[in-house]
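What follows is target-v3.csv (CSV, C-alpha atoms).
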chain,number,residue,atom,x,y,z
A,96,MET,CA,-7.3,-18.5,-23.3
A,97,MET,CA,-8.4,-15.8,-20.8
A,98,THR,CA,-7.1,-16.2,-17.3
A,99,ARG,CA,-9.8,-16.2,-14.6
A,100,ILE,CA,-8.7,-14.3,-11.5
A,101,SER,CA,-9.7,-16.3,-8.4
A,102,LYS,CA,-12.1,-14.7,-6.0
A,103,PRO,CA,-10.9,-14.0,-2.5
A,104,THR,CA,-13.1,-14.0,0.6
A,105,PRO,CA,-16.1,-11.6,0.1
A,106,SER,CA,-15.0,-9.3,3.0
A,107,ASN,CA,-11.8,-8.6,1.3
A,108,GLN,CA,-12.7,-8.9,-2.4
A,109,PRO,CA,-10.7,-6.5,-4.6
A,110,ILE,CA,-12.5,-3.7,-6.5
A,111,VAL,CA,-11.4,-2.3,-9.8
A,112,TYR,CA,-12.3,1.4,-10.3
A,113,VAL,CA,-12.6,2.5,-13.9
A,114,ILE,CA,-12.5,6.2,-14.9
A,115,ASP,CA,-13.2,6.9,-18.5
A,116,ASP,CA,-15.4,9.6,-20.1
A,117,GLU,CA,-16.6,7.3,-22.8
A,118,GLU,CA,-19.7,5.4,-21.6
A,119,THR,CA,-19.1,2.6,-24.2
A,120,VAL,CA,-15.6,2.1,-22.9
A,121,ARG,CA,-16.8,2.0,-19.3
A,122,ASP,CA,-19.5,-0.5,-20.1
A,123,ALA,CA,-17.1,-2.7,-22.1
A,124,LEU,CA,-14.4,-2.7,-19.4
A,125,GLY,CA,-17.0,-3.3,-16.6
A,126,SER,CA,-18.3,-6.3,-18.5
A,127,LEU,CA,-14.8,-7.7,-19.0
A,128,LEU,CA,-13.8,-7.4,-15.4
A,129,ARG,CA,-17.0,-8.8,-14.1
A,130,SER,CA,-16.6,-11.8,-16.4
A,131,VAL,CA,-13.4,-12.8,-14.6
A,132,GLY,CA,-15.0,-12.3,-11.1
A,133,LEU,CA,-13.8,-8.8,-10.2
A,134,GLN,CA,-16.0,-6.3,-8.5
A,135,THR,CA,-16.1,-3.1,-10.6
A,136,GLN,CA,-17.2,0.5,-10.2
A,137,THR,CA,-17.1,2.9,-13.1
A,138,PHE,CA,-17.0,6.7,-13.3
A,139,GLY,CA,-17.1,9.3,-16.0
A,140,SER,CA,-14.7,11.7,-14.4
A,141,ALA,CA,-12.2,12.0,-11.6
A,142,LYS,CA,-14.6,14.3,-9.7
A,143,ASP,CA,-17.2,11.5,-9.6
A,144,PHE,CA,-14.7,9.1,-8.3
A,145,MET,CA,-13.5,11.4,-5.5
A,146,GLN,CA,-17.1,12.1,-4.5
A,147,SER,CA,-18.0,8.4,-4.2
A,148,ARG,CA,-17.9,6.2,-1.1
A,149,ARG,CA,-15.4,3.5,-1.4
A,150,PRO,CA,-15.0,0.4,0.8
A,151,ASP,CA,-11.8,-0.3,2.6
A,152,ALA,CA,-10.7,-3.1,0.3
A,153,PRO,CA,-7.8,-3.8,-1.9
A,154,GLY,CA,-8.0,-2.8,-5.6
A,155,CYS,CA,-6.7,-0.6,-8.3
A,156,LEU,CA,-7.6,2.2,-10.7
A,157,VAL,CA,-8.0,1.9,-14.5
A,158,LEU,CA,-7.6,5.5,-15.5
A,159,ASP,CA,-8.0,7.2,-18.9
A,160,VAL,CA,-5.2,9.7,-19.5
A,161,ARG,CA,-7.5,12.2,-21.2
A,162,LEU,CA,-10.5,13.2,-19.0
A,163,PRO,CA,-12.8,16.1,-18.8
A,164,GLY,CA,-11.7,18.8,-16.4
A,165,MET,CA,-8.6,17.1,-14.9
A,166,SER,CA,-6.2,14.9,-16.9
A,167,GLY,CA,-5.3,11.4,-15.7
A,168,LEU,CA,-1.7,12.5,-14.9
A,169,ASP,CA,-2.9,15.5,-12.9
A,170,PHE,CA,-5.3,13.2,-11.1
A,171,GLN,CA,-2.5,10.8,-10.3
A,172,THR,CA,-0.7,13.7,-8.6
A,173,GLU,CA,-3.9,14.6,-6.7
A,174,LEU,CA,-4.4,11.1,-5.5
A,175,ALA,CA,-0.8,11.0,-4.2
A,176,SER,CA,-1.2,14.3,-2.3
A,177,SER,CA,-4.5,13.0,-0.9
A,178,ASP,CA,-2.7,9.8,0.3
A,179,ILE,CA,-5.0,7.6,-1.8
A,180,ARG,CA,-2.5,4.9,-2.8
A,181,LEU,CA,-4.5,2.9,-5.3
A,182,PRO,CA,-2.2,1.4,-8.0
A,183,ILE,CA,-3.0,2.8,-11.4
A,184,VAL,CA,-3.3,1.2,-14.8
A,185,PHE,CA,-3.4,4.0,-17.4
A,186,ILE,CA,-5.2,3.6,-20.7
A,187,SER,CA,-5.0,6.0,-23.6
A,188,GLY,CA,-6.2,6.4,-27.1
A,189,HIS,CA,-2.9,8.0,-28.1
A,190,ALA,CA,0.6,6.5,-28.1
A,191,ASP,CA,2.3,9.3,-26.2
A,192,VAL,CA,5.8,8.1,-25.1
A,193,PRO,CA,6.7,11.1,-22.9
A,194,MET,CA,3.3,10.8,-21.2
A,195,SER,CA,3.7,7.1,-20.5
A,196,VAL,CA,7.2,7.6,-19.2
A,197,LYS,CA,6.0,10.3,-16.8
A,198,ALA,CA,3.1,8.1,-15.6
A,199,MET,CA,5.4,5.1,-15.0
A,200,LYS,CA,8.0,7.2,-13.1
A,201,ARG,CA,5.2,8.3,-10.8
A,202,GLY,CA,4.4,4.7,-9.9
A,203,ALA,CA,1.8,3.6,-12.5
A,204,ILE,CA,1.7,-0.2,-13.0
A,205,GLU,CA,1.1,0.0,-16.8
A,206,PHE,CA,0.3,2.3,-19.6
A,207,LEU,CA,-1.8,0.7,-22.3
A,208,THR,CA,-2.7,2.2,-25.6
A,209,LYS,CA,-6.2,1.6,-27.1
A,210,PRO,CA,-7.0,-0.8,-28.6
A,211,PHE,CA,-5.3,-3.1,-26.2
A,212,ARG,CA,-5.6,-6.9,-25.7
A,213,ASP,CA,-8.0,-7.9,-22.9
A,214,GLN,CA,-5.4,-10.2,-21.4
A,215,ASP,CA,-2.8,-7.3,-21.3
A,216,LEU,CA,-5.3,-5.3,-19.2
A,217,LEU,CA,-6.2,-8.2,-17.0
A,218,ASP,CA,-2.5,-9.0,-16.4
A,219,ALA,CA,-1.8,-5.4,-15.5
A,220,ILE,CA,-4.8,-5.3,-13.1
A,221,ALA,CA,-3.7,-8.5,-11.5
A,222,ALA,CA,-0.3,-7.0,-10.8
A,223,ALA,CA,-1.8,-3.8,-9.5
A,224,ILE,CA,-4.1,-5.7,-7.1
A,225,ALA,CA,-1.2,-7.8,-5.9
A,226,ARG,CA,0.8,-4.7,-5.2
A,227,ASP,CA,-2.1,-3.1,-3.2
A,228,GLN,CA,-2.6,-6.3,-1.2
A,229,THR,CA,1.1,-6.4,-0.3
A,230,GLU,CA,1.2,-2.8,0.7
A,231,ARG,CA,-2.0,-3.2,2.8
A,232,GLN,CA,-0.4,-6.2,4.6
A,233,ARG,CA,2.7,-4.2,5.2
A,234,ASP,CA,0.7,-1.3,6.6
A,235,GLN,CA,-1.3,-3.6,8.9
A,236,LEU,CA,1.9,-5.2,10.2
A,237,LYS,CA,3.3,-1.8,11.0
A,238,ALA,CA,0.0,-0.8,12.7
A,239,ASP,CA,0.2,-3.9,14.8
A,240,LEU,CA,3.8,-3.2,15.7
A,241,LEU,CA,2.9,0.3,16.7
A,242,THR,CA,0.1,-0.9,18.9
A,243,ARG,CA,2.6,-3.2,20.7
A,244,PHE,CA,5.2,-0.5,20.8
A,245,ASP,CA,2.7,1.8,22.6
A,246,THR,CA,2.4,-0.8,25.5
A,247,LEU,CA,6.1,-0.2,26.3
A,248,THR,CA,7.1,2.1,29.2
A,249,SER,CA,9.4,5.0,28.4
A,250,ARG,CA,12.4,3.1,29.8
A,251,GLU,CA,11.5,0.0,27.8
A,252,LYS,CA,11.4,2.1,24.6
A,253,GLU,CA,14.8,3.5,25.5
A,254,VAL,CA,16.2,0.0,26.0
A,255,PHE,CA,14.5,-1.2,22.8
A,256,ALA,CA,16.1,1.6,20.7
A,257,LEU,CA,19.5,0.8,22.1
A,258,VAL,CA,19.2,-3.0,21.8
A,259,ALA,CA,18.3,-2.4,18.1
A,260,THR,CA,21.7,-0.6,17.6
A,261,GLY,CA,23.5,-3.8,18.6
A,262,LEU,CA,24.6,-2.7,22.1
A,263,MET,CA,25.2,-5.3,24.8
A,264,ASN,CA,23.3,-5.1,28.1
A,265,LYS,CA,26.3,-3.9,30.0
A,266,GLN,CA,26.8,-1.0,27.5
A,267,ILE,CA,23.2,-0.1,27.7
A,268,ALA,CA,23.3,-0.1,31.5
A,269,GLY,CA,26.2,2.3,31.3
A,270,MET,CA,24.5,4.7,29.0
A,271,LEU,CA,21.3,4.7,31.0
A,272,ASP,CA,23.1,4.7,34.4
A,273,VAL,CA,21.3,1.7,35.7
A,274,GLN,CA,22.2,-1.8,36.8
A,275,GLU,CA,22.8,-4.5,34.1
A,276,VAL,CA,20.1,-6.7,35.7
A,277,THR,CA,17.6,-3.8,35.3
A,278,VAL,CA,18.4,-3.7,31.6
A,279,LYS,CA,17.9,-7.5,31.4
A,280,VAL,CA,14.5,-7.1,32.9
A,281,HIS,CA,13.5,-4.3,30.6
A,282,ARG,CA,14.9,-6.2,27.6
A,283,GLY,CA,12.9,-9.2,28.5
A,284,ASN,CA,9.7,-7.1,28.8
A,285,VAL,CA,10.4,-5.6,25.4
A,286,THR,CA,10.9,-8.9,23.8
A,287,ARG,CA,7.7,-10.3,25.3
A,288,LYS,CA,5.5,-7.3,24.5
A,289,MET,CA,6.8,-7.0,21.0
A,290,GLY,CA,6.5,-10.7,20.3
A,291,ALA,CA,10.1,-10.9,19.1
A,292,ARG,CA,11.8,-14.3,18.9
A,293,SER,CA,15.3,-13.0,18.4
A,294,VAL,CA,17.5,-9.9,18.4
A,295,ALA,CA,17.3,-9.8,14.6
A,296,ALA,CA,13.5,-9.7,14.9
A,297,LEU,CA,13.8,-6.8,17.4
A,298,VAL,CA,16.0,-4.9,15.0
A,299,ARG,CA,13.5,-5.3,12.1
A,300,MET,CA,10.7,-4.1,14.4
A,301,ALA,CA,12.7,-1.1,15.5
A,302,ASP,CA,13.3,-0.1,11.9
A,303,ALA,CA,9.6,0.0,11.4
A,304,VAL,CA,8.5,1.7,14.6
A,305,VAL,CA,11.2,3.4,16.6
A,306,PRO,CA,12.1,6.2,14.0
A,307,ALA,CA,8.3,6.9,13.6
A,308,ASN,CA,7.8,7.6,17.3
A,309,PRO,CA,9.2,10.8,18.7
A,310,ALA,CA,8.9,9.4,22.2
A,311,VAL,CA,12.1,7.4,21.7

Output the file's structure in the form of structure tokens.
Amino acid sequence: MMTRISKPTPSNQPIVYVIDDEETVRDALGSLLRSVGLQTQTFGSAKDFMQSRRPDAPGCLVLDVRLPGMSGLDFQTELASSDIRLPIVFISGHADVPMSVKAMKRGAIEFLTKPFRDQDLLDAIAAAIARDQTERQRDQLKADLLTRFDTLTSREKEVFALVATGLMNKQIAGMLDVQEVTVKVHRGNVTRKMGARSVAALVRMADAVVPANPAV
């Protein structure tokens, strides 16, 4: 029995992009994906895909290995260099083990050889969309943390970085040549502004934002 993929809210509905130079394949895949409630856009080449306007929504790419102009593997590399991080499900008319190994090592979700079972493709797409949603949530969390981090003063950022290393207030005061009570005030401000409930939470936040900001 075919698994129906549940629809999320319209504003965040995933999109599956299909790139295959065979129109019949594109039409068949498009019909299959729409039948389980997935938005779908199809393209005959990698160039057409790159020239299209794509909404900021989670999704994945179903990509034929052999394409006119640029191969699927070369396009995978181009996407990475362009910081387009859509998870990829490769499809191919040829059982090429070295090619599939290369694709998977570069981060592909799956490599399916035609003809493949509809359910195998749907399972791979579901996994790809789940990965993209997780990565987007992680990126949003980091963006939120960076926004909070930017509200800290220069001194608060210094205290934040030192607290994250496990130093006590007295040690931090000695390193910064300030009174311990001053460190306590800065530390309290950092905790409040960052929305941290514990030192452990501050450490996790620091791992996400402090190394990425040269001001610290």

### Message
Applying 9 Å and all atoms listed in the file, which residues near Gly164 (chain A) remain after dropping the ones on its own chain fewer than 4 positions away? List them as number ranges by chain.
### Response
A: 140-142

### Query
Hey, can you check how far CA of Met263 (chain A) sits from CA of Asp239 (chain A)?
27.0 Å

### Task
Identify, on the basis of only C-alpha atoms, every residue whose closest approach to Pro150 (chain A) does not exceed 12 Å; exclude the query and any residue fewer than 4 positions from it along the same chain; express the result as a list in words.
Ser106, Asn107, Gln108, Pro109, Ile110, Val111, Tyr112, Gln134, Thr135, Gln136 and Gly154 of chain A

### Query
Quick one: residues within 9 Å of Gly290 (chain A), only C-alpha atoms counted, chain neighbours fewer than 6 positions away excluded, as number ranges by chain?
A: 243, 296-297

### Message
Please return as number ranges by chain every residue within 10 Å of (-12.2, 13.9, -13.2), taking into account all atoms listed in the file and the file's own coordinates.
### Response
A: 114-116, 138-145, 158-159, 161-167, 169-170
